[in-house]
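A.B. asks: To start, I am sharing the structure in question, which I have written as structure tokens.
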Amino acid sequence: MKFNPEQANLLLFDLLDKEEDIVHFSTTRIGGVSNGTYASLNLGNFSDDSSLNIYENRSILARMFYKKPEDFIIPHQTHGSRVLLVDTSFLSLDRSTKISKLYGIDATVTQEKDVFLCATTADCVPILLYDRNKKAIAAIHAGWRGTVERIVEKTVVLMQKTFGSSPADLLAAIGPAISMAYYEVGDEVLEAFHANGFDLTGAFFRATPHSKVHIDLKEINRMELIRLGVLPRHIEKSSYCTFENEHLFFSARRQTVHSGRMLTGILLKK
């Protein structure tokens with residue numbers, strides 16, 4: 001992963017940057033108008049930050065791509081595993097109906113061109129998928145609950161059913177998220193993964209027999225992609241930790257409820 005040479009406050013995936021038919025980005029917290037703990041490019045749907053600041057921040061991002069804020073499909077995520085198909089019928093809806101349909105959605109897929117599919121994060125894992133063969137894309141928000149509920153599998157299956165995608169053709173980019181060193185969870189989280197059949201070998205540790213578990217949510221999702229048939233060489237996993245890099249990223253674990261949000265998005269060119 002690298003900084004965008006044209007927009008220095010945005011990050012790019014090396015894997016996706018080679019592709020001519022898509023545009024993508026992953027934001028940092030730099031370059032917006034928000035203040036205090038939300039400084040400065042807070043793009044989240046809901047927080048104590050001013051709604052005017054959030055809209056202006058989204059407008060700043062949109063102008064970087066010569067777009068309008070309405071060209072960014074940003075679900076109201078609820079840490080679930082529902083996936084929405086963004087098709088012509090969805091895009092033709094009025095704004096309020098679109099907002100309603102995006103409630104409770106944590107992943108989107110499309111073959112429509114010139115719209116950004118986005119995932120909002122501040123420690124959870126953003127994942128972008130691109131099918132070079134069928135020209136289809138997806139944006140996934142994978143918190144631990146969504147991961148346990150196999151949101152990645154549900155997204156890939158929907159792409160298979162709707163677009164005829166093959167996992168072997170998918171490129172997958174796993175964005176900045178909290179690292180295993182800082183992601184401490186209760187035993188109930190580990191038990192939930194085991195109960196749902198996840199192999200967490202190499203993706204968790206416990207410092208002492210009585211300490212809390214640390215899990216590697218980025219690695220768990222990488223292994224899930226491989227299990228589904230995505231080729232390891234077609235997966236890029238960011239090394240950035242949102243908790244550790246305070247100057248670059250918001251972190252809900254570090255900032256509690258007073259955290260802004262980053263966006264990670266992908267668009268199919270016309």
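Scheme for the structure tokens: letters A, B, ... for chains in order shown; per-chain residue numbers from 1; ligand numbers from 1 in order shown.
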Taking the chain letters and numbering used in this document, name the residues of range 102-211 of chain A that DSSP puts in alpha helix (DSSP H), as a list in words.
C.D. replies: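 Those residues are Trp144, Arg145, Gly146, Thr147, Val148, Ile151, Val152, Glu153, Lys154, Thr155, Val156, Val157, Leu158, Met159, Gln160, Lys161, Thr162, Phe163, Asp187, Glu188, Val189, Leu190, Glu191, Ala192, Phe193, His194 and Ala195 of chain A.
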A.B. asks: With only C-alpha atoms as the counted atoms, please give the residues lying no more than 9 Å from Cys241 in chain A, apart from itself and same-chain residues fewer than 3 positions off, as a list in words.
C.D. replies: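 The contact residues come out as Asp123, Pro176, Ala177, Ile178, Ser179, Met180, Tyr182, Ser238, Glu244, Asn245 and Phe249 of chain A.
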A.B. asks: With N, CA and C atoms retained, could you export that selection as a compact mmCIF listing (two decimals), in the first residue's frame?
C.D. replies:
# COMPACT_ATOMS: atom_id res chain seq x y z
N ASP A 123 -11.14 0.86 12.59
CA ASP A 123 -10.49 -0.30 13.22
C ASP A 123 -10.93 -1.59 12.54
N PRO A 176 -6.37 -0.77 5.81
CA PRO A 176 -5.91 -0.48 7.17
C PRO A 176 -6.96 -0.86 8.21
N ALA A 177 -6.52 -1.50 9.28
CA ALA A 177 -7.40 -1.93 10.37
C ALA A 177 -6.54 -2.14 11.60
N ILE A 178 -7.18 -2.36 12.72
CA ILE A 178 -6.44 -2.59 13.95
C ILE A 178 -5.63 -3.89 13.85
N SER A 179 -4.41 -3.86 14.35
CA SER A 179 -3.53 -5.04 14.26
C SER A 179 -3.75 -5.97 15.45
N MET A 180 -3.25 -7.19 15.32
CA MET A 180 -3.41 -8.18 16.38
C MET A 180 -2.78 -7.70 17.69
N TYR A 182 -2.90 -4.95 19.09
CA TYR A 182 -3.75 -4.03 19.84
C TYR A 182 -5.21 -4.49 19.92
N SER A 238 -2.96 -4.72 3.75
CA SER A 238 -2.25 -3.56 4.26
C SER A 238 -1.59 -3.87 5.60
N GLU A 244 -2.40 2.10 16.02
CA GLU A 244 -1.01 2.51 16.25
C GLU A 244 -0.67 3.84 15.58
N ASN A 245 -1.26 4.09 14.41
CA ASN A 245 -0.90 5.26 13.61
C ASN A 245 -1.91 6.39 13.83
N PHE A 249 -4.82 7.75 11.11
CA PHE A 249 -6.12 7.07 11.12
C PHE A 249 -6.92 7.36 12.38
A.B. asks: Give me, as a Markdown table, the closest atom pair and its distance (Å, one decimal) for every residue of range 147-259 of chain A within a cut-off of 12 Å of range 96-106 of chain A, counting only C-alpha atoms, rows sorted by chain and rising number.
C.D. replies:
| residue | atom | partner | partner_atom | distance |
| --- | --- | --- | --- | --- |
| A:Thr147 | CA | A:Asp106 | CA | 10.6 |
| A:Glu149 | CA | A:Asp106 | CA | 11.4 |
| A:Arg150 | CA | A:Asp106 | CA | 11.4 |
| A:Ile151 | CA | A:Asp106 | CA | 8.0 |
| A:Val152 | CA | A:Asp106 | CA | 10.2 |
| A:Lys154 | CA | A:Asp106 | CA | 10.8 |
| A:Thr155 | CA | A:Asp106 | CA | 9.8 |
A.B. asks: Could you take the residues named above and write them with C-alpha atoms, as a short mmCIF file (atom, residue, chain, number, x, y, z; two decimals), in the first residue's frame?
C.D. replies:
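To be explicit, this is the file written out as part.cif:
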data_model
loop_
_atom_site.label_atom_id
_atom_site.label_comp_id
_atom_site.auth_asym_id
_atom_site.auth_seq_id
_atom_site.Cartn_x
_atom_site.Cartn_y
_atom_site.Cartn_z
CA THR A 147 -16.49 -11.85 9.81
CA GLU A 149 -21.17 -14.37 10.06
CA ARG A 150 -19.05 -14.89 6.91
CA ILE A 151 -19.75 -11.59 5.18
CA VAL A 152 -16.85 -12.22 2.79
CA LYS A 154 -21.80 -14.01 1.29
CA THR A 155 -20.33 -11.25 -0.87
#
A.B. asks: DSSP says strand (DSSP E or B) for which residues of range 11-155 of chain A? Put them as a PyMOL selection string?
C.D. replies: chain A and resi 11-12+22-27+72-73+76+83-85+103+107-110+116-121+125-131+136-142
A.B. asks: Excluding same-chain residues fewer than 2 positions from Ala119 in chain A, what lies within 12 Å of it counting only C-alpha atoms, as a JSON list (two decimals) with N, CA and C atoms, in the first residue's frame?
C.D. replies:
[["chain", "number", "residue", "atom", "x", "y", "z"],
["A", 24, "HIS", "N", -9.77, 3.55, -7.20],
["A", 24, "HIS", "CA", -10.00, 3.17, -5.81],
["A", 24, "HIS", "C", -9.26, 4.12, -4.89],
["A", 25, "PHE", "N", -9.57, 4.05, -3.61],
["A", 25, "PHE", "CA", -8.91, 4.89, -2.62],
["A", 25, "PHE", "C", -9.13, 4.31, -1.23],
["A", 26, "SER", "N", -8.29, 4.72, -0.31],
["A", 26, "SER", "CA", -8.52, 4.50, 1.11],
["A", 26, "SER", "C", -8.08, 5.78, 1.81],
["A", 27, "THR", "N", -8.99, 6.41, 2.55],
["A", 27, "THR", "CA", -8.68, 7.71, 3.12],
["A", 27, "THR", "C", -7.87, 7.59, 4.40],
["A", 43, "LEU", "N", -15.34, 11.07, 7.70],
["A", 43, "LEU", "CA", -16.30, 10.75, 6.64],
["A", 43, "LEU", "C", -17.42, 9.84, 7.11],
["A", 44, "GLY", "N", -17.52, 9.65, 8.42],
["A", 44, "GLY", "CA", -18.49, 8.71, 8.97],
["A", 44, "GLY", "C", -19.92, 9.19, 8.84],
["A", 45, "ASN", "N", -20.84, 8.22, 8.84],
["A", 45, "ASN", "CA", -22.27, 8.54, 8.73],
["A", 45, "ASN", "C", -22.80, 9.21, 9.98],
["A", 72, "PHE", "N", -21.13, 8.42, -4.22],
["A", 72, "PHE", "CA", -20.49, 7.49, -3.29],
["A", 72, "PHE", "C", -21.57, 6.72, -2.54],
["A", 73, "ILE", "N", -21.62, 5.41, -2.74],
["A", 73, "ILE", "CA", -22.59, 4.54, -2.07],
["A", 73, "ILE", "C", -22.01, 4.16, -0.71],
["A", 74, "ILE", "N", -22.58, 4.75, 0.36],
["A", 74, "ILE", "CA", -22.03, 4.57, 1.70],
["A", 74, "ILE", "C", -23.12, 3.99, 2.60],
["A", 75, "PRO", "N", -23.10, 2.69, 2.85],
["A", 75, "PRO", "CA", -24.15, 2.07, 3.66],
["A", 75, "PRO", "C", -24.13, 2.54, 5.11],
["A", 76, "HIS", "N", -25.26, 2.40, 5.77],
["A", 76, "HIS", "CA", -25.33, 2.55, 7.23],
["A", 76, "HIS", "C", -25.06, 1.17, 7.82],
["A", 77, "GLN", "N", -23.80, 0.92, 8.12],
["A", 77, "GLN", "CA", -23.34, -0.39, 8.56],
["A", 77, "GLN", "C", -23.78, -0.67, 10.00],
["A", 78, "THR", "N", -24.06, -1.94, 10.28],
["A", 78, "THR", "CA", -24.50, -2.34, 11.62],
["A", 78, "THR", "C", -23.73, -3.56, 12.12],
["A", 79, "HIS", "N", -22.53, -3.79, 11.60],
["A", 79, "HIS", "CA", -21.69, -4.91, 12.01],
["A", 79, "HIS", "C", -22.39, -6.25, 11.77],
["A", 83, "VAL", "N", -25.59, -8.11, 2.39],
["A", 83, "VAL", "CA", -24.92, -7.63, 1.18],
["A", 83, "VAL", "C", -25.99, -7.11, 0.23],
["A", 102, "LEU", "N", -30.06, 1.21, 2.33],
["A", 102, "LEU", "CA", -28.67, 1.05, 2.75],
["A", 102, "LEU", "C", -28.53, 0.83, 4.25],
["A", 105, "ILE", "N", -26.71, -2.54, 5.97],
["A", 105, "ILE", "CA", -25.91, -3.16, 4.90],
["A", 105, "ILE", "C", -24.43, -3.00, 5.25],
["A", 106, "ASP", "N", -23.67, -4.09, 5.14],
["A", 106, "ASP", "CA", -22.24, -4.03, 5.43],
["A", 106, "ASP", "C", -21.37, -4.40, 4.23],
["A", 107, "ALA", "N", -21.99, -4.68, 3.09],
["A", 107, "ALA", "CA", -21.23, -4.91, 1.86],
["A", 107, "ALA", "C", -22.11, -4.60, 0.67],
["A", 108, "THR", "N", -21.50, -4.12, -0.40],
["A", 108, "THR", "CA", -22.21, -3.82, -1.63],
["A", 108, "THR", "C", -21.45, -4.41, -2.81],
["A", 109, "VAL", "N", -22.19, -4.77, -3.86],
["A", 109, "VAL", "CA", -21.58, -5.29, -5.09],
["A", 109, "VAL", "C", -22.26, -4.61, -6.28],
["A", 116, "PHE", "N", -18.95, 4.94, -6.81],
["A", 116, "PHE", "CA", -18.04, 4.37, -5.83],
["A", 116, "PHE", "C", -18.81, 3.54, -4.81],
["A", 117, "LEU", "N", -18.43, 2.28, -4.67],
["A", 117, "LEU", "CA", -18.89, 1.47, -3.54],
["A", 117, "LEU", "C", -17.91, 1.70, -2.39],
["A", 121, "THR", "N", -14.83, 2.64, 8.04],
["A", 121, "THR", "CA", -14.12, 1.91, 9.10],
["A", 121, "THR", "C", -13.38, 2.85, 10.04],
["A", 122, "ALA", "N", -13.10, 2.31, 11.23],
["A", 122, "ALA", "CA", -12.22, 2.99, 12.19],
["A", 122, "ALA", "C", -11.64, 1.93, 13.13],
["A", 123, "ASP", "N", -11.14, 0.86, 12.59],
["A", 123, "ASP", "CA", -10.49, -0.30, 13.22],
["A", 123, "ASP", "C", -10.93, -1.59, 12.54],
["A", 124, "CYS", "N", -12.22, -1.65, 12.12],
["A", 124, "CYS", "CA", -12.67, -2.84, 11.39],
["A", 124, "CYS", "C", -11.97, -2.92, 10.04],
["A", 125, "VAL", "N", -12.18, -4.02, 9.33],
["A", 125, "VAL", "CA", -11.42, -4.31, 8.12],
["A", 125, "VAL", "C", -12.22, -3.91, 6.87],
["A", 126, "PRO", "N", -11.69, -2.98, 6.06],
["A", 126, "PRO", "CA", -12.29, -2.71, 4.75],
["A", 126, "PRO", "C", -11.69, -3.64, 3.70],
["A", 127, "ILE", "N", -12.55, -4.21, 2.86],
["A", 127, "ILE", "CA", -12.08, -5.12, 1.82],
["A", 127, "ILE", "C", -12.69, -4.71, 0.49],
["A", 128, "LEU", "N", -11.86, -4.57, -0.53],
["A", 128, "LEU", "CA", -12.33, -4.31, -1.89],
["A", 128, "LEU", "C", -12.09, -5.54, -2.74],
["A", 129, "LEU", "N", -13.07, -5.86, -3.59],
["A", 129, "LEU", "CA", -12.94, -6.97, -4.53],
["A", 129, "LEU", "C", -13.14, -6.45, -5.95],
["A", 138, "ALA", "N", -16.80, -4.99, -5.43],
["A", 138, "ALA", "CA", -17.48, -5.08, -4.14],
["A", 138, "ALA", "C", -16.69, -4.29, -3.11],
["A", 139, "ALA", "N", -17.41, -3.78, -2.11],
["A", 139, "ALA", "CA", -16.79, -3.12, -0.96],
["A", 139, "ALA", "C", -17.40, -3.73, 0.29],
["A", 140, "ILE", "N", -16.55, -4.17, 1.21],
["A", 140, "ILE", "CA", -16.99, -4.93, 2.39],
["A", 140, "ILE", "C", -16.48, -4.27, 3.66],
["A", 141, "HIS", "N", -17.36, -4.17, 4.66],
["A", 141, "HIS", "CA", -16.97, -3.78, 6.02],
["A", 141, "HIS", "C", -17.00, -5.04, 6.86],
["A", 142, "ALA", "N", -15.84, -5.46, 7.35],
["A", 142, "ALA", "CA", -15.74, -6.72, 8.10],
["A", 142, "ALA", "C", -15.26, -6.45, 9.52],
["A", 143, "GLY", "N", -16.21, -6.22, 10.43],
["A", 143, "GLY", "CA", -15.89, -6.25, 11.84],
["A", 143, "GLY", "C", -15.85, -7.70, 12.30],
["A", 174, "ILE", "N", -7.19, -5.75, 1.22],
["A", 174, "ILE", "CA", -7.57, -5.66, 2.63],
["A", 174, "ILE", "C", -6.90, -4.41, 3.20],
["A", 175, "GLY", "N", -7.71, -3.45, 3.65],
["A", 175, "GLY", "CA", -7.20, -2.14, 4.00],
["A", 175, "GLY", "C", -6.74, -1.99, 5.44],
["A", 176, "PRO", "N", -6.37, -0.77, 5.81],
["A", 176, "PRO", "CA", -5.91, -0.48, 7.17],
["A", 176, "PRO", "C", -6.96, -0.86, 8.21],
["A", 261, "ARG", "N", -14.31, 8.47, 11.07],
["A", 261, "ARG", "CA", -14.30, 7.28, 10.23],
["A", 261, "ARG", "C", -13.58, 7.55, 8.92],
["A", 262, "MET", "N", -12.89, 6.51, 8.43],
["A", 262, "MET", "CA", -12.29, 6.55, 7.10],
["A", 262, "MET", "C", -13.23, 5.87, 6.10],
["A", 263, "LEU", "N", -13.00, 6.13, 4.82],
["A", 263, "LEU", "CA", -13.70, 5.45, 3.75],
["A", 263, "LEU", "C", -12.70, 4.72, 2.87],
["A", 264, "THR", "N", -13.08, 3.55, 2.40],
["A", 264, "THR", "CA", -12.32, 2.81, 1.40],
["A", 264, "THR", "C", -13.30, 2.51, 0.26],
["A", 265, "GLY", "N", -12.96, 2.90, -0.96],
["A", 265, "GLY", "CA", -13.92, 2.79, -2.04],
["A", 265, "GLY", "C", -13.33, 2.34, -3.36],
["A", 266, "ILE", "N", -14.23, 1.88, -4.25],
["A", 266, "ILE", "CA", -13.82, 1.38, -5.57],
["A", 266, "ILE", "C", -14.91, 1.72, -6.59]]
A.B. asks: For each of A:Gly197, A:Gly260, A:Gly186, A:Pro167, take the minimum atom-to-atom distance to Val230 in chain A, counting only C-alpha atoms, then give the residue where this is smallest.
C.D. replies: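 Among A:Gly197, A:Gly260, A:Gly186, A:Pro167, it is A:Pro167 that comes nearest to Val230 in chain A.
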A.B. asks: So that I can see what lies close to Asp48 in chain A, please list as a PDB file with N, CA, C and O atoms, in the first residue's frame the residues with an atom at most 9 Å from it, counting only C-alpha atoms and leaving out residues fewer than 3 positions away in the same chain.
C.D. replies:
ATOM      1  N   TYR A  38     -12.283  14.601  15.963  1.00  0.00           N
ATOM      2  CA  TYR A  38     -12.709  14.243  14.608  1.00  0.00           C
ATOM      3  C   TYR A  38     -11.821  14.863  13.529  1.00  0.00           C
ATOM      4  O   TYR A  38     -12.097  14.717  12.344  1.00  0.00           O
ATOM      5  N   SER A  51     -22.843  17.514  11.161  1.00  0.00           N
ATOM      6  CA  SER A  51     -23.254  16.934   9.882  1.00  0.00           C
ATOM      7  C   SER A  51     -22.780  17.793   8.719  1.00  0.00           C
ATOM      8  O   SER A  51     -22.497  17.278   7.629  1.00  0.00           O
ATOM      9  N   VAL A 257     -16.096   6.400  21.587  1.00  0.00           N
ATOM     10  CA  VAL A 257     -17.207   6.847  20.740  1.00  0.00           C
ATOM     11  C   VAL A 257     -16.887   8.134  19.987  1.00  0.00           C
ATOM     12  O   VAL A 257     -17.580   8.494  19.034  1.00  0.00           O
ATOM     13  N   HIS A 258     -15.833   8.833  20.409  1.00  0.00           N
ATOM     14  CA  HIS A 258     -15.498  10.105  19.774  1.00  0.00           C
ATOM     15  C   HIS A 258     -14.473   9.908  18.662  1.00  0.00           C
ATOM     16  O   HIS A 258     -13.467  10.606  18.578  1.00  0.00           O
ATOM     17  N   SER A 259     -14.757   8.954  17.809  1.00  0.00           N
ATOM     18  CA  SER A 259     -13.854   8.625  16.712  1.00  0.00           C
ATOM     19  C   SER A 259     -14.502   8.971  15.386  1.00  0.00           C
ATOM     20  O   SER A 259     -15.692   8.716  15.174  1.00  0.00           O
TER      21      SER A 259
END
A.B. asks: Kindly indicate which residue among A:Tyr130, A:Gly164, A:Lys218, A:Tyr183 lies nearest to Tyr240 in chain A, using only C-alpha atoms for the distances.
C.D. replies: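 Smallest distance to Tyr240 in chain A is found for A:Lys218.
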A.B. asks: Go through A:Leu248, A:Val185, A:Val213, A:Met1 and flag the residue nearest Glu236 in chain A, using only C-alpha atoms for the distances.
C.D. replies: A:Met1
A.B. asks: Just want the 12 Å neighbourhood of Ser89 in chain A, counted on only C-alpha atoms, with same-chain residues fewer than 3 positions away dropped. Output as a list of chain:residue names.
C.D. replies: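 Those residues are A:Leu85, A:Val86, A:Ser92, A:Leu93, A:Asp94, A:Thr97, A:Lys98, A:Lys101, A:Thr110, A:Glu112.
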A.B. asks: With all heavy atoms retained, export the selected residues as a PDB file, in the first residue's frame.
C.D. replies:
ATOM      1  N   LEU A  85     -27.013  -5.644  -3.627  1.00  0.00           N
ATOM      2  CA  LEU A  85     -26.707  -5.465  -5.041  1.00  0.00           C
ATOM      3  C   LEU A  85     -27.082  -4.044  -5.449  1.00  0.00           C
ATOM      4  O   LEU A  85     -28.234  -3.637  -5.325  1.00  0.00           O
ATOM      5  CB  LEU A  85     -27.477  -6.478  -5.883  1.00  0.00           C
ATOM      6  CG  LEU A  85     -27.438  -6.275  -7.399  1.00  0.00           C
ATOM      7  CD1 LEU A  85     -26.024  -6.447  -7.942  1.00  0.00           C
ATOM      8  CD2 LEU A  85     -28.410  -7.228  -8.097  1.00  0.00           C
ATOM      9  N   VAL A  86     -26.108  -3.296  -5.909  1.00  0.00           N
ATOM     10  CA  VAL A  86     -26.346  -1.948  -6.429  1.00  0.00           C
ATOM     11  C   VAL A  86     -26.499  -2.069  -7.944  1.00  0.00           C
ATOM     12  O   VAL A  86     -25.519  -2.260  -8.664  1.00  0.00           O
ATOM     13  CB  VAL A  86     -25.185  -1.003  -6.055  1.00  0.00           C
ATOM     14  CG1 VAL A  86     -25.375   0.362  -6.725  1.00  0.00           C
ATOM     15  CG2 VAL A  86     -25.098  -0.847  -4.544  1.00  0.00           C
ATOM     16  N   SER A  92     -31.795   4.250  -9.553  1.00  0.00           N
ATOM     17  CA  SER A  92     -32.901   5.108 -10.008  1.00  0.00           C
ATOM     18  C   SER A  92     -33.812   5.558  -8.866  1.00  0.00           C
ATOM     19  O   SER A  92     -34.710   6.379  -9.076  1.00  0.00           O
ATOM     20  CB  SER A  92     -33.733   4.371 -11.056  1.00  0.00           C
ATOM     21  OG  SER A  92     -34.408   3.259 -10.476  1.00  0.00           O
ATOM     22  N   LEU A  93     -33.589   5.033  -7.654  1.00  0.00           N
ATOM     23  CA  LEU A  93     -34.428   5.392  -6.512  1.00  0.00           C
ATOM     24  C   LEU A  93     -34.155   6.818  -6.065  1.00  0.00           C
ATOM     25  O   LEU A  93     -33.077   7.366  -6.299  1.00  0.00           O
ATOM     26  CB  LEU A  93     -34.153   4.440  -5.350  1.00  0.00           C
ATOM     27  CG  LEU A  93     -34.480   2.962  -5.573  1.00  0.00           C
ATOM     28  CD1 LEU A  93     -33.964   2.138  -4.398  1.00  0.00           C
ATOM     29  CD2 LEU A  93     -35.990   2.755  -5.748  1.00  0.00           C
ATOM     30  N   ASP A  94     -35.137   7.421  -5.383  1.00  0.00           N
ATOM     31  CA  ASP A  94     -34.899   8.738  -4.797  1.00  0.00           C
ATOM     32  C   ASP A  94     -33.961   8.601  -3.601  1.00  0.00           C
ATOM     33  O   ASP A  94     -33.755   7.512  -3.067  1.00  0.00           O
ATOM     34  CB  ASP A  94     -36.214   9.388  -4.368  1.00  0.00           C
ATOM     35  CG  ASP A  94     -36.943   8.578  -3.311  1.00  0.00           C
ATOM     36  OD1 ASP A  94     -36.623   8.719  -2.117  1.00  0.00           O
ATOM     37  OD2 ASP A  94     -37.820   7.782  -3.684  1.00  0.00           O
ATOM     38  N   THR A  97     -35.168   6.857  -0.280  1.00  0.00           N
ATOM     39  CA  THR A  97     -35.359   5.411  -0.423  1.00  0.00           C
ATOM     40  C   THR A  97     -34.014   4.696  -0.474  1.00  0.00           C
ATOM     41  O   THR A  97     -33.851   3.609   0.101  1.00  0.00           O
ATOM     42  CB  THR A  97     -36.176   5.095  -1.685  1.00  0.00           C
ATOM     43  OG1 THR A  97     -37.405   5.831  -1.649  1.00  0.00           O
ATOM     44  CG2 THR A  97     -36.500   3.604  -1.759  1.00  0.00           C
ATOM     45  N   LYS A  98     -33.046   5.308  -1.147  1.00  0.00           N
ATOM     46  CA  LYS A  98     -31.704   4.725  -1.155  1.00  0.00           C
ATOM     47  C   LYS A  98     -31.153   4.618   0.268  1.00  0.00           C
ATOM     48  O   LYS A  98     -30.604   3.580   0.662  1.00  0.00           O
ATOM     49  CB  LYS A  98     -30.757   5.582  -1.995  1.00  0.00           C
ATOM     50  CG  LYS A  98     -30.914   5.436  -3.492  1.00  0.00           C
ATOM     51  CD  LYS A  98     -29.913   6.352  -4.193  1.00  0.00           C
ATOM     52  CE  LYS A  98     -30.060   6.282  -5.689  1.00  0.00           C
ATOM     53  NZ  LYS A  98     -29.166   7.249  -6.375  1.00  0.00           N
ATOM     54  N   LYS A 101     -32.735   1.755   2.089  1.00  0.00           N
ATOM     55  CA  LYS A 101     -32.270   0.439   1.635  1.00  0.00           C
ATOM     56  C   LYS A 101     -30.829   0.161   2.063  1.00  0.00           C
ATOM     57  O   LYS A 101     -30.419  -0.997   2.151  1.00  0.00           O
ATOM     58  CB  LYS A 101     -32.403   0.315   0.117  1.00  0.00           C
ATOM     59  CG  LYS A 101     -33.840   0.132  -0.355  1.00  0.00           C
ATOM     60  CD  LYS A 101     -33.914  -0.210  -1.818  1.00  0.00           C
ATOM     61  CE  LYS A 101     -35.330  -0.553  -2.241  1.00  0.00           C
ATOM     62  NZ  LYS A 101     -35.815  -1.796  -1.620  1.00  0.00           N
ATOM     63  N   THR A 110     -21.535  -4.481  -7.382  1.00  0.00           N
ATOM     64  CA  THR A 110     -22.136  -3.882  -8.569  1.00  0.00           C
ATOM     65  C   THR A 110     -21.342  -4.214  -9.824  1.00  0.00           C
ATOM     66  O   THR A 110     -20.151  -4.541  -9.757  1.00  0.00           O
ATOM     67  CB  THR A 110     -22.242  -2.345  -8.426  1.00  0.00           C
ATOM     68  OG1 THR A 110     -23.165  -1.836  -9.397  1.00  0.00           O
ATOM     69  CG2 THR A 110     -20.896  -1.657  -8.609  1.00  0.00           C
ATOM     70  N   GLU A 112     -22.370  -1.790 -12.185  1.00  0.00           N
ATOM     71  CA  GLU A 112     -22.669  -0.454 -12.705  1.00  0.00           C
ATOM     72  C   GLU A 112     -21.409   0.399 -12.673  1.00  0.00           C
ATOM     73  O   GLU A 112     -20.595   0.295 -11.752  1.00  0.00           O
ATOM     74  CB  GLU A 112     -23.781   0.210 -11.889  1.00  0.00           C
ATOM     75  CG  GLU A 112     -25.083  -0.572 -11.873  1.00  0.00           C
ATOM     76  CD  GLU A 112     -25.630  -0.850 -13.260  1.00  0.00           C
ATOM     77  OE1 GLU A 112     -25.612   0.085 -14.093  1.00  0.00           O
ATOM     78  OE2 GLU A 112     -26.061  -1.982 -13.512  1.00  0.00           O
TER      79      GLU A 112
END
